[in-house]
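Source file data_26.txt; content: compact mmCIF, C-alpha atoms and all ligand atoms.
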```txt
# COMPACT_ATOMS: atom_id res chain seq x y z
CA MET A 1 79.04 57.22 63.69
CA PRO A 2 80.25 60.51 65.17
CA TYR A 3 83.77 61.66 64.38
CA ARG A 4 86.08 61.40 67.36
CA LEU A 5 87.52 64.88 67.73
CA LEU A 6 90.38 65.65 70.10
CA VAL A 7 90.69 69.33 70.98
CA ILE A 8 94.02 70.60 72.32
CA PRO A 9 93.62 74.24 73.42
CA GLY A 10 97.37 74.80 73.78
CA ASP A 11 99.25 77.69 75.40
CA GLY A 12 99.17 81.47 75.45
CA ILE A 13 96.29 82.70 73.32
CA GLY A 14 95.50 79.07 72.40
CA PRO A 15 92.61 78.50 74.84
CA GLU A 16 91.00 81.81 73.78
CA VAL A 17 91.15 81.28 70.02
CA VAL A 18 90.15 77.63 70.36
CA GLU A 19 87.16 78.53 72.54
CA ALA A 20 86.05 81.03 69.90
CA ALA A 21 86.51 78.43 67.17
CA MET A 22 84.58 75.81 69.15
CA HIS A 23 81.51 78.03 68.99
CA VAL A 24 81.87 77.95 65.22
CA ILE A 25 82.54 74.20 65.07
CA ARG A 26 79.47 73.42 67.21
CA ALA A 27 77.26 75.75 65.18
CA ALA A 28 78.47 74.34 61.85
CA ALA A 29 78.12 70.77 63.10
CA SER A 30 74.52 71.20 64.18
CA ARG A 31 73.56 73.30 61.14
CA TYR A 32 75.07 70.80 58.67
CA GLY A 33 74.41 67.59 60.56
CA VAL A 34 77.97 66.60 61.38
CA GLU A 35 78.31 64.62 64.59
CA PHE A 36 81.36 64.89 66.81
CA GLU A 37 82.32 63.12 69.98
CA ILE A 38 84.57 65.77 71.50
CA LYS A 39 87.40 65.14 73.97
CA THR A 40 89.80 67.75 75.30
CA GLY A 41 93.46 67.21 76.11
CA GLU A 42 96.03 69.39 77.78
CA ALA A 43 99.34 69.50 75.93
CA GLY A 44 102.15 72.00 75.67
CA ASP A 45 104.01 74.19 78.17
CA VAL A 46 101.24 74.08 80.77
CA ALA A 47 101.09 70.28 80.57
CA LEU A 48 104.87 70.11 80.85
CA ARG A 49 104.79 72.15 84.06
CA LYS A 50 101.81 70.29 85.51
CA TYR A 51 102.52 66.68 84.49
CA GLY A 52 106.17 66.73 83.45
CA ALA A 53 105.38 65.97 79.80
CA ALA A 54 104.40 68.32 77.00
CA MET A 55 102.35 65.49 75.49
CA PRO A 56 101.13 63.41 78.46
CA GLN A 57 100.42 59.72 77.91
CA ASP A 58 96.66 60.03 78.37
CA VAL A 59 96.48 62.81 75.77
CA LEU A 60 98.54 60.67 73.43
CA LYS A 61 96.02 57.86 73.92
CA LEU A 62 93.19 60.25 73.09
CA ALA A 63 95.09 61.34 69.99
CA ASP A 64 95.61 57.70 68.96
CA ALA A 65 91.88 57.08 69.26
CA ALA A 66 90.80 60.29 67.52
CA ASP A 67 89.78 60.60 63.89
CA VAL A 68 90.80 64.22 63.84
CA ILE A 69 92.70 66.64 66.08
CA PHE A 70 91.99 70.34 66.46
CA LYS A 71 94.85 72.17 68.11
CA GLY A 72 95.64 75.67 69.30
CA PRO A 73 99.15 77.10 69.23
CA ILE A 74 101.74 75.85 71.71
CA GLY A 75 104.59 77.75 73.35
CA GLU A 76 108.14 76.61 73.98
CA SER A 77 107.27 72.94 73.63
CA ALA A 78 105.59 73.42 70.24
CA TYR A 79 108.10 71.24 68.42
CA ASP A 80 107.60 68.39 70.90
CA VAL A 81 103.84 68.37 70.57
CA THR A 82 103.32 69.49 66.98
CA SER A 83 106.06 67.42 65.40
CA LEU A 84 105.19 64.42 67.52
CA ILE A 85 101.62 64.49 66.21
CA ARG A 86 102.76 65.06 62.62
CA MET A 87 105.33 62.25 62.75
CA ARG A 88 103.39 59.72 64.81
CA TYR A 89 100.43 59.75 62.43
CA THR A 90 102.42 60.48 59.27
CA LEU A 91 100.53 63.69 58.54
CA TYR A 92 102.77 64.21 55.56
CA ALA A 93 101.10 67.17 53.87
CA ASN A 94 100.72 70.56 55.49
CA ILE A 95 98.05 72.50 53.62
CA ARG A 96 98.28 76.25 54.04
CA PRO A 97 95.93 78.34 51.91
CA VAL A 98 96.77 82.04 51.73
CA LYS A 99 94.12 84.43 50.52
CA ASN A 100 93.10 88.04 51.03
CA LEU A 101 90.06 88.70 53.17
CA PRO A 102 87.59 91.58 52.87
CA GLY A 103 88.51 94.68 54.82
CA VAL A 104 91.91 93.33 55.81
CA PRO A 105 94.78 95.58 54.70
CA ALA A 106 97.21 93.44 52.74
CA VAL A 107 100.62 93.91 51.19
CA LYS A 108 99.40 92.50 47.85
CA ASP A 109 96.74 90.33 46.26
CA ILE A 110 97.43 86.67 46.83
CA ASP A 111 95.44 83.46 46.37
CA CYS A 112 97.52 80.34 46.65
CA VAL A 113 97.82 77.10 48.56
CA PHE A 114 101.08 75.95 50.05
CA VAL A 115 101.56 72.21 50.18
CA ARG A 116 104.41 71.81 52.60
CA GLU A 117 106.04 68.42 53.10
CA ASN A 118 105.48 67.83 56.79
CA VAL A 119 107.47 64.90 58.19
CA GLU A 120 110.89 64.90 56.53
CA ASP A 121 113.72 67.34 55.76
CA VAL A 122 115.69 68.76 58.70
CA TYR A 123 112.52 68.36 60.77
CA VAL A 124 113.30 64.69 61.44
CA GLY A 125 115.22 66.16 64.37
CA ALA A 126 118.41 64.17 63.89
CA GLU A 127 121.01 66.58 65.23
CA TYR A 128 124.45 65.86 66.60
CA LYS A 129 127.19 67.84 68.21
CA VAL A 130 130.73 66.62 68.40
CA GLY A 131 133.12 69.07 69.96
CA GLY A 132 133.05 72.21 67.91
CA VAL A 133 130.87 70.77 65.15
CA ALA A 134 127.06 70.65 65.09
CA ILE A 135 125.32 68.62 62.41
CA ALA A 136 121.69 68.22 61.33
CA LEU A 137 120.45 65.56 58.96
CA LYS A 138 118.25 66.53 56.06
CA VAL A 139 116.13 63.61 54.92
CA ILE A 140 114.26 63.50 51.62
CA THR A 141 112.72 60.22 50.50
CA GLU A 142 111.17 59.20 47.22
CA GLN A 143 108.00 57.92 48.88
CA GLY A 144 107.69 61.03 51.04
CA THR A 145 108.09 63.31 48.06
CA ARG A 146 105.71 61.36 45.83
CA ARG A 147 102.85 61.32 48.30
CA VAL A 148 103.05 65.04 49.07
CA ALA A 149 103.40 65.87 45.38
CA ARG A 150 100.21 63.90 44.74
CA VAL A 151 98.42 66.12 47.25
CA ALA A 152 99.73 69.19 45.44
CA ARG A 153 98.45 67.69 42.20
CA ARG A 154 94.96 67.23 43.66
CA TYR A 155 94.84 70.83 44.84
CA ALA A 156 96.11 72.14 41.51
CA GLU A 157 93.52 70.10 39.63
CA ALA A 158 90.78 71.72 41.70
CA ARG A 159 92.28 75.19 41.13
CA ARG A 160 94.26 76.82 38.30
CA ARG A 161 96.28 73.67 37.49
CA LYS A 162 99.57 75.35 38.23
CA VAL A 163 102.26 74.19 40.64
CA THR A 164 105.49 75.90 41.60
CA VAL A 165 108.06 73.54 43.10
CA VAL A 166 110.29 75.45 45.53
CA HIS A 167 113.73 74.11 46.48
CA LYS A 168 117.41 75.03 46.66
CA ALA A 169 118.84 72.39 44.35
CA ASN A 170 121.58 74.69 43.13
CA VAL A 171 123.26 74.13 46.51
CA LEU A 172 121.60 71.03 47.95
CA ARG A 173 122.03 69.09 44.75
CA ILE A 174 121.37 65.64 46.13
CA THR A 175 118.57 66.25 48.65
CA ASP A 176 116.66 69.14 47.11
CA GLY A 177 117.60 67.88 43.65
CA PHE A 178 115.89 64.59 44.47
CA PHE A 179 112.83 66.39 45.83
CA ARG A 180 112.61 68.45 42.64
CA ASP A 181 113.06 65.48 40.29
CA VAL A 182 110.50 63.25 42.01
CA ALA A 183 108.02 66.12 42.37
CA LEU A 184 108.29 67.09 38.71
CA GLU A 185 107.64 63.48 37.73
CA GLU A 186 104.48 63.31 39.86
CA LEU A 187 103.20 66.61 38.50
CA LYS A 188 103.40 65.78 34.82
CA GLY A 189 100.51 67.14 32.78
CA LEU A 190 100.07 70.24 34.93
CA GLU A 191 101.58 73.64 34.35
CA VAL A 192 104.67 73.30 36.50
CA ASP A 193 107.55 75.64 37.20
CA GLN A 194 110.29 75.66 39.79
CA MET A 195 111.96 78.32 41.85
CA TYR A 196 114.82 78.55 44.31
CA VAL A 197 113.56 79.31 47.76
CA ASP A 198 115.33 82.66 48.00
CA ALA A 199 113.82 83.80 44.72
CA ALA A 200 110.43 82.46 45.82
CA ALA A 201 110.60 84.64 48.95
CA MET A 202 111.24 87.65 46.75
CA GLU A 203 108.48 86.75 44.29
CA LEU A 204 106.00 86.26 47.12
CA VAL A 205 106.41 89.93 47.94
CA ARG A 206 106.97 91.25 44.41
CA ASN A 207 104.25 89.37 42.51
CA PRO A 208 102.38 86.93 44.78
CA ALA A 209 99.45 86.67 42.36
CA ARG A 210 101.62 84.47 40.12
CA PHE A 211 101.40 81.54 42.54
CA ASP A 212 98.64 78.95 42.52
CA VAL A 213 99.86 75.83 44.33
CA VAL A 214 103.32 75.93 45.90
CA LEU A 215 104.93 72.59 46.68
CA THR A 216 107.98 72.68 48.91
CA THR A 217 110.00 70.94 51.59
CA ASN A 218 109.32 71.18 55.29
CA GLN A 219 111.68 73.96 56.38
CA TYR A 220 111.20 76.21 53.35
CA GLY A 221 107.45 75.75 53.75
CA ASP A 222 107.66 76.79 57.37
CA ILE A 223 109.41 80.02 56.51
CA LEU A 224 107.55 80.90 53.31
CA THR A 225 104.11 80.39 54.84
CA ASP A 226 104.75 82.98 57.55
CA LEU A 227 105.94 85.35 54.84
CA ALA A 228 102.93 84.66 52.62
CA ALA A 229 100.52 85.02 55.55
CA GLN A 230 101.87 88.49 56.17
CA VAL A 231 101.47 89.36 52.49
CA ALA A 232 97.75 88.52 52.83
CA GLY A 233 97.34 90.71 55.89
CA GLY A 234 98.81 88.95 58.87
CA ILE A 235 99.52 85.68 60.54
CA GLY A 236 96.40 85.99 62.69
CA LEU A 237 94.41 84.93 59.63
CA ALA A 238 96.40 81.94 58.36
CA PRO A 239 94.92 78.44 58.79
CA SER A 240 96.51 75.06 58.26
CA GLY A 241 95.72 71.39 57.97
CA ASN A 242 98.17 68.56 58.60
CA ILE A 243 96.90 65.73 56.48
CA GLY A 244 97.73 62.06 56.39
CA ASP A 245 96.02 59.11 54.77
CA TYR A 246 93.88 58.30 57.82
CA LYS A 247 94.11 61.13 60.31
CA ALA A 248 94.51 64.88 60.26
CA MET A 249 95.30 67.73 62.61
CA PHE A 250 94.16 71.32 62.14
CA GLU A 251 95.78 74.35 63.74
CA PRO A 252 96.48 78.04 63.13
CA VAL A 253 99.87 78.84 61.57
CA HIS A 254 100.67 81.37 64.31
CA GLY A 255 102.22 80.77 67.70
CA ALA A 256 101.10 81.14 71.32
CA ALA A 257 101.67 84.95 71.46
CA PHE A 258 102.18 85.05 75.23
CA ASP A 259 102.53 88.84 75.07
CA ILE A 260 98.83 89.28 74.29
CA ALA A 261 97.42 86.18 76.04
CA GLY A 262 94.49 86.48 78.43
CA ARG A 263 93.35 89.87 77.15
CA GLY A 264 90.72 88.76 74.66
CA VAL A 265 92.42 90.56 71.79
CA ALA A 266 93.81 87.58 69.86
CA ASN A 267 92.42 87.12 66.38
CA PRO A 268 90.54 83.79 66.20
CA ILE A 269 90.19 83.80 62.41
CA ALA A 270 93.24 81.62 61.69
CA THR A 271 91.82 79.01 64.04
CA ILE A 272 88.26 79.37 62.70
CA LEU A 273 89.48 78.98 59.11
CA SER A 274 91.40 75.91 60.27
CA ALA A 275 88.02 74.53 61.37
CA ALA A 276 86.78 75.14 57.82
CA LEU A 277 89.71 73.07 56.53
CA MET A 278 88.71 70.36 58.98
CA PHE A 279 85.15 70.18 57.66
CA GLU A 280 86.53 70.09 54.14
CA TRP A 281 88.78 67.16 55.03
CA LEU A 282 85.78 65.38 56.54
CA GLY A 283 84.13 65.70 53.15
CA ARG A 284 81.81 68.50 54.26
CA ARG A 285 82.57 71.24 51.78
CA ASP A 286 79.15 72.77 52.48
CA ALA A 287 80.03 73.44 56.13
CA ALA A 288 83.54 74.57 55.18
CA GLU A 289 82.26 77.08 52.65
CA ALA A 290 79.63 78.32 55.08
CA ILE A 291 82.30 79.01 57.70
CA ARG A 292 84.41 80.90 55.17
CA ARG A 293 81.43 82.99 54.08
CA ALA A 294 80.55 83.70 57.71
CA VAL A 295 84.13 84.83 58.38
CA GLU A 296 83.90 87.20 55.41
CA LYS A 297 80.56 88.54 56.62
CA SER A 298 81.93 89.20 60.09
CA LEU A 299 84.82 91.16 58.58
CA GLU A 300 82.46 93.10 56.34
CA ALA A 301 80.32 93.90 59.38
CA GLY A 302 83.43 95.17 61.17
CA ILE A 303 83.23 92.49 63.86
CA LYS A 304 86.98 92.02 64.15
CA THR A 305 89.86 92.13 66.59
CA PRO A 306 92.21 95.11 67.06
CA ASP A 307 95.10 93.62 65.02
CA ILE A 308 93.03 94.19 61.87
CA GLY A 309 91.48 97.46 62.92
CA GLY A 310 88.44 96.29 64.88
CA ARG A 311 87.29 96.61 68.46
CA SER A 312 85.71 93.22 69.10
CA SER A 313 87.09 90.61 71.45
CA THR A 314 88.24 87.12 70.48
CA ILE A 315 85.11 85.48 71.80
CA GLU A 316 82.78 88.11 70.31
CA VAL A 317 84.21 87.35 66.87
CA GLY A 318 83.75 83.60 67.41
CA LYS A 319 80.19 83.97 68.65
CA TYR A 320 79.25 86.34 65.85
CA ILE A 321 80.58 84.00 63.17
CA ALA A 322 78.80 81.08 64.84
CA SER A 323 75.56 83.06 64.98
CA ILE A 324 75.40 83.71 61.24
CA LEU A 325 76.04 80.12 60.21
C1 LIG B 401 104.52 75.73 62.19
C2 LIG B 401 105.35 75.94 63.41
C3 LIG B 401 106.06 74.64 63.74
C4 LIG B 401 106.94 74.29 62.57
C5 LIG B 401 106.91 74.65 65.02
C6 LIG B 401 106.08 75.13 66.19
C7 LIG B 401 107.53 73.31 65.30
O1 LIG B 401 106.24 76.98 63.25
O2 LIG B 401 103.60 74.91 62.23
O3 LIG B 401 104.78 76.38 61.18
O4 LIG B 401 108.05 74.77 62.45
O5 LIG B 401 106.49 73.50 61.75
MN MN B 402 106.00 78.03 61.36
```

Just give me the structure of the file as structure tokens.
Amino acid sequence: MPYRLLVIPGDGIGPEVVEAAMHVIRAAASRYGVEFEIKTGEAGDVALRKYGAAMPQDVLKLADAADVIFKGPIGESAYDVTSLIRMRYTLYANIRPVKNLPGVPAVKDIDCVFVRENVEDVYVGAEYKVGGVAIALKVITEQGTRRVARVARRYAEARRRKVTVVHKANVLRITDGFFRDVALEELKGLEVDQMYVDAAAMELVRNPARFDVVLTTNQYGDILTDLAAQVAGGIGLAPSGNIGDYKAMFEPVHGAAFDIAGRGVANPIATILSAALMFEWLGRRDAAEAIRRAVEKSLEAGIKTPDIGGRSSTIEVGKYIASIL
């Protein structure tokens, strides 16, 4: 049975980086015998303008039917589309590996995986305004914390067995304190430490090599993963996977970058490495590793976009990586 794959190209540079990544996905699928039934759906700012909804009903139906979603970045309506997908399918763990790549100038050496809680915290979107007071709800549940902590445990067990739990329980004693307590319980037996989010931001720049798996809440994870991506050489290289128990969605960490859209200069590597995460989630580590090796080879060969010192176009990078699979 082929996997039902929904591709959402998105806005800005989205269609370019996704097209480049599709070359890689098709090549890896045929080389490693993975069958996909591919559908494409328009969602985001363009869909909002054309159909009056950032996530049109027919795309939502395709998403419901899909086993896996592969998505480019989205512009102004990113929260509507991205959070809707994360919440609707309870994609509760956001996996964001951060690692140096050959030939990419970096701030420091880093090799860690962020496991970001992905459906709770202030991201539940419960905001209120009454007169001169605006309020947002921060939601942390025991079940939500346990399940994401278990994902962090699995990653740590496959790596250096070390987890850093990041929170701000010195201020948010009840919410972040609960997250910390439940997480620590789930992580027993591993080498576990904890850090306040402000200190973690500092440590990520000062001594990023100290981190193996980082487990944190939704909003802190959002902020720290942009920071960490830059430490490794830039957000154009950072992949992510939104994982639930039955469905998953893969996307680059970066945004739609309207300022450089349509010029063929966007770096497709974040999106291509997100495809590697997708194959890994499908249980095809062989294809995932092959994509990662091919990305490294393309960088070593100097086939790269201008943001990391190359002269190749988005699609050239995609086609080159696909060709060496
Ligand atoms: C991300 C993005 C999203 C987030 C936005 C677009 C809603 O920044 O995936 O990191 O904040 O989670
Ligand atoms: Mn973000």

Under the rule of at most 9 Å, produce a per-residue listing of segment 12-114 of chain A near segment 259-274 of chain A: chain, number, name, the closest pair of atoms, and the distance in Å, as a Markdown table, using all atoms listed in the file.
```
| residue | atom | partner | partner_atom | distance |
| --- | --- | --- | --- | --- |
| A:Gly12 | CA | A:Ala261 | CA | 5.1 |
| A:Ile13 | CA | A:Ala261 | CA | 4.6 |
| A:Gly14 | CA | A:Ala261 | CA | 8.2 |
| A:Pro15 | CA | A:Gly262 | CA | 9.0 |
| A:Glu16 | CA | A:Gly264 | CA | 7.0 |
| A:Val17 | CA | A:Pro268 | CA | 4.6 |
| A:Val18 | CA | A:Thr271 | CA | 6.7 |
| A:Glu19 | CA | A:Pro268 | CA | 8.9 |
| A:Ala20 | CA | A:Pro268 | CA | 6.4 |
| A:Ala21 | CA | A:Ile272 | CA | 4.9 |
| A:Met22 | CA | A:Ile272 | CA | 8.2 |
| A:Val24 | CA | A:Ile272 | CA | 7.0 |
| A:Ile25 | CA | A:Ile272 | CA | 8.1 |
| A:Phe70 | CA | A:Ser274 | CA | 8.3 |
| A:Lys71 | CA | A:Thr271 | CA | 8.5 |
| A:Gly72 | CA | A:Thr271 | CA | 7.3 |
```

Report task. Find the residues near ligand LIG 401 (chain B). Use a cut-off of 9 Å, count only C-alpha atoms and all ligand atoms, and write them as a PyMOL selection string. Result -> chain A and resi 73-83+94+118+123+218-219+221-223+225-226+240+251-255

Report task. In Å, rounded to a single decimal, give me how far atom CA of Phe179 of chain A is from atom CA of Lys129 of chain A. Result -> 26.6 Å

Query raised in the report: Could you pull the residues within 12 Å of Lys188 of chain A, counting only C-alpha atoms, minus those fewer than 6 positions along the same chain, as an MDAnalysis selection string?
Result: chainID A and resid 149:150 152:153 156:157 161:163 181:182

Write out the residues from the selection above, keeping C-alpha atoms, as a PDB file, in the frame of the given file.
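New file out.pdb:
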```pdb
ATOM      1  CA  ALA A 149     103.400  65.870  45.380  1.00  0.00           C
ATOM      2  CA  ARG A 150     100.210  63.900  44.740  1.00  0.00           C
ATOM      3  CA  ALA A 152      99.730  69.190  45.440  1.00  0.00           C
ATOM      4  CA  ARG A 153      98.450  67.690  42.200  1.00  0.00           C
ATOM      5  CA  ALA A 156      96.110  72.140  41.510  1.00  0.00           C
ATOM      6  CA  GLU A 157      93.520  70.100  39.630  1.00  0.00           C
ATOM      7  CA  ARG A 161      96.280  73.670  37.490  1.00  0.00           C
ATOM      8  CA  LYS A 162      99.570  75.350  38.230  1.00  0.00           C
ATOM      9  CA  VAL A 163     102.260  74.190  40.640  1.00  0.00           C
ATOM     10  CA  ASP A 181     113.060  65.480  40.290  1.00  0.00           C
ATOM     11  CA  VAL A 182     110.500  63.250  42.010  1.00  0.00           C
TER      12      VAL A 182
END
```

Requested in this report: May I have the residues within 12 Å of Ala169 of chain A as a VMD selection string, using all atoms listed in the file and disregarding those fewer than 5 positions away in the same chain?
Outcome: chain A and resid 174 to 181 194 to 198 216 to 217

Please produce a file of those selected residues containing C-alpha atoms, as a compact mmCIF listing (two decimals), keeping the file's coordinate frame.
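Resulting contents of part02.txt:
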```txt
# COMPACT_ATOMS: atom_id res chain seq x y z
CA ILE A 174 121.37 65.64 46.13
CA THR A 175 118.57 66.25 48.65
CA ASP A 176 116.66 69.14 47.11
CA GLY A 177 117.60 67.88 43.65
CA PHE A 178 115.89 64.59 44.47
CA PHE A 179 112.83 66.39 45.83
CA ARG A 180 112.61 68.45 42.64
CA ASP A 181 113.06 65.48 40.29
CA GLN A 194 110.29 75.66 39.79
CA MET A 195 111.96 78.32 41.85
CA TYR A 196 114.82 78.55 44.31
CA VAL A 197 113.56 79.31 47.76
CA ASP A 198 115.33 82.66 48.00
CA THR A 216 107.98 72.68 48.91
CA THR A 217 110.00 70.94 51.59
```

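If only C-alpha atoms are the atoms counted, then among A:Leu299, A:Met278, A:Ile135, A:Val107 the closest residue to Lys247 of chain A is A:Met278.
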
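Interatomic distance, atom CA of Ala43 of chain A against atom CA of Leu6 of chain A: 11.4 Å.
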
Query raised in the report: Using all atoms listed in the file, which of the listed residues (A:Leu224, A:Pro56, A:Gly33, A:Ala134) sits closest to ligand MN 402 (chain B)?
Result: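 When distances to ligand MN 402 (chain B) are compared using all atoms listed in the file, the smallest one comes from A:Leu224.
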
Query - Surrounding residues of Ala53 of chain A excluding itself and chain neighbours under 3 positions, 12 Å, all atoms listed in the file, as a list of chain:residue names - result: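 Those residues are A:Glu42, A:Ala43, A:Gly44, A:Asp45, A:Val46, A:Ala47, A:Leu48, A:Arg49, A:Lys50, A:Pro56, A:Gln57, A:Asp58, A:Val59, A:Leu60, A:Ser77, A:Asp80, A:Val81.
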
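Between atom CA of Phe114 of chain A and atom CA of Ala257 of chain A the separation is 23.2 Å.
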
Where atoms are absent from segment 241-249 of chain A, fill them in so it carries all heavy atoms, then output it as a PDB file, keeping the file's coordinate frame.
```pdb
ATOM      1  N   GLY A 241      96.149  72.765  57.737  1.00  0.00           N
ATOM      2  CA  GLY A 241      95.720  71.390  57.970  1.00  0.00           C
ATOM      3  C   GLY A 241      96.880  70.448  57.744  1.00  0.00           C
ATOM      4  O   GLY A 241      97.559  70.527  56.721  1.00  0.00           O
ATOM      5  N   ASN A 242      97.133  69.581  58.721  1.00  0.00           N
ATOM      6  CA  ASN A 242      98.170  68.560  58.600  1.00  0.00           C
ATOM      7  C   ASN A 242      97.475  67.258  58.244  1.00  0.00           C
ATOM      8  O   ASN A 242      96.739  66.694  59.055  1.00  0.00           O
ATOM      9  CB  ASN A 242      98.910  68.389  59.926  1.00  0.00           C
ATOM     10  CG  ASN A 242      99.550  69.681  60.413  1.00  0.00           C
ATOM     11  OD1 ASN A 242     100.737  69.907  60.257  1.00  0.00           O
ATOM     12  ND2 ASN A 242      98.749  70.556  61.027  1.00  0.00           N
ATOM     13  N   ILE A 243      97.724  66.788  57.025  1.00  0.00           N
ATOM     14  CA  ILE A 243      96.900  65.730  56.480  1.00  0.00           C
ATOM     15  C   ILE A 243      97.701  64.456  56.247  1.00  0.00           C
ATOM     16  O   ILE A 243      98.778  64.499  55.653  1.00  0.00           O
ATOM     17  CB  ILE A 243      96.330  66.188  55.102  1.00  0.00           C
ATOM     18  CG1 ILE A 243      95.728  67.588  55.196  1.00  0.00           C
ATOM     19  CG2 ILE A 243      95.362  65.170  54.542  1.00  0.00           C
ATOM     20  CD1 ILE A 243      94.329  67.671  55.631  1.00  0.00           C
ATOM     21  N   GLY A 244      97.150  63.360  56.705  1.00  0.00           N
ATOM     22  CA  GLY A 244      97.730  62.060  56.390  1.00  0.00           C
ATOM     23  C   GLY A 244      96.719  61.240  55.616  1.00  0.00           C
ATOM     24  O   GLY A 244      95.705  61.763  55.165  1.00  0.00           O
ATOM     25  N   ASP A 245      96.972  59.933  55.496  1.00  0.00           N
ATOM     26  CA  ASP A 245      96.020  59.110  54.770  1.00  0.00           C
ATOM     27  C   ASP A 245      94.818  58.734  55.625  1.00  0.00           C
ATOM     28  O   ASP A 245      93.758  58.414  55.101  1.00  0.00           O
ATOM     29  CB  ASP A 245      96.710  57.857  54.227  1.00  0.00           C
ATOM     30  CG  ASP A 245      97.613  58.199  53.038  1.00  0.00           C
ATOM     31  OD1 ASP A 245      97.295  59.169  52.310  1.00  0.00           O
ATOM     32  OD2 ASP A 245      98.636  57.511  52.846  1.00  0.00           O
ATOM     33  N   TYR A 246      94.976  58.750  56.949  1.00  0.00           N
ATOM     34  CA  TYR A 246      93.880  58.300  57.820  1.00  0.00           C
ATOM     35  C   TYR A 246      93.498  59.295  58.892  1.00  0.00           C
ATOM     36  O   TYR A 246      92.441  59.190  59.479  1.00  0.00           O
ATOM     37  CB  TYR A 246      94.270  56.978  58.503  1.00  0.00           C
ATOM     38  CG  TYR A 246      94.714  55.958  57.516  1.00  0.00           C
ATOM     39  CD1 TYR A 246      96.064  55.672  57.330  1.00  0.00           C
ATOM     40  CD2 TYR A 246      93.776  55.304  56.714  1.00  0.00           C
ATOM     41  CE1 TYR A 246      96.472  54.753  56.389  1.00  0.00           C
ATOM     42  CE2 TYR A 246      94.173  54.383  55.771  1.00  0.00           C
ATOM     43  CZ  TYR A 246      95.519  54.111  55.610  1.00  0.00           C
ATOM     44  OH  TYR A 246      95.917  53.211  54.664  1.00  0.00           O
ATOM     45  N   LYS A 247      94.372  60.214  59.209  1.00  0.00           N
ATOM     46  CA  LYS A 247      94.110  61.130  60.310  1.00  0.00           C
ATOM     47  C   LYS A 247      94.557  62.511  59.878  1.00  0.00           C
ATOM     48  O   LYS A 247      95.342  62.640  58.932  1.00  0.00           O
ATOM     49  CB  LYS A 247      94.921  60.670  61.542  1.00  0.00           C
ATOM     50  CG  LYS A 247      94.272  60.972  62.893  1.00  0.00           C
ATOM     51  CD  LYS A 247      95.231  60.735  64.026  1.00  0.00           C
ATOM     52  CE  LYS A 247      95.300  59.320  64.566  1.00  0.00           C
ATOM     53  NZ  LYS A 247      94.396  58.999  65.644  1.00  0.00           N
ATOM     54  N   ALA A 248      94.076  63.526  60.590  1.00  0.00           N
ATOM     55  CA  ALA A 248      94.510  64.880  60.260  1.00  0.00           C
ATOM     56  C   ALA A 248      94.483  65.743  61.512  1.00  0.00           C
ATOM     57  O   ALA A 248      93.797  65.428  62.492  1.00  0.00           O
ATOM     58  CB  ALA A 248      93.616  65.481  59.178  1.00  0.00           C
ATOM     59  N   MET A 249      95.262  66.807  61.481  1.00  0.00           N
ATOM     60  CA  MET A 249      95.300  67.730  62.610  1.00  0.00           C
ATOM     61  C   MET A 249      95.247  69.161  62.055  1.00  0.00           C
ATOM     62  O   MET A 249      95.978  69.500  61.131  1.00  0.00           O
ATOM     63  CB  MET A 249      96.590  67.501  63.408  1.00  0.00           C
ATOM     64  CG  MET A 249      96.712  68.313  64.674  1.00  0.00           C
ATOM     65  SD  MET A 249      97.839  69.695  64.506  1.00  0.00           S
ATOM     66  CE  MET A 249      99.425  68.878  64.477  1.00  0.00           C
TER      67      MET A 249
END
```
